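Below is one structure, written out as structure tokens, with a few remarks after it.
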Amino acid sequence: MKQILYERLVRYIVENQNGFYRVAYGYTGNKDDALDAVQNAVCKALEAYEGLKKADAVRNRRRNPQA
């Protein structure tokens, strides 16, 4: 189950990396800072993936950031 969650998270990150960068660039206004922010967020997500209880949580998190 954990391997499936990890693979799903990695796929989600890869599929949405351009969007993550655009949001980060909008906040930072700087290419290098935006890349650093995305890299830090991706590292934190990959380190914490085991805390996910359901595979659907990967997709649902982006839809409802308040959850």
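Within each chain, counting starts at residue 1; across the structure tokens, chains are named A, B, ... in the order shown, with ligands numbered 1 upward in that order.
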Need to verify the contact set: Asn16 in chain A, 12 Å, only C-alpha atoms, exclusion of same-chain residues closer than 3 positions in sequence. Can you return it as a PyMOL selection string?
chain A and resi 9-13+19-23+38+42+58-59+62
Skip Ala34 in chain A itself and residues of its chain fewer than 5 positions away, then list as a VMD selection string all residues within 8 Å of it, counting only C-alpha atoms.
chain A and resid 21 24 to 25 27 to 29
Can you tell me how far CA of Asn30 in chain A sits from CA of Asn18 in chain A, in Å to one decimal?
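Between these atoms lies a distance of 14.9 Å.
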Å distance separating CA of Glu47 in chain A from CA of Glu15 in chain A, one decimal place
18.7 Å
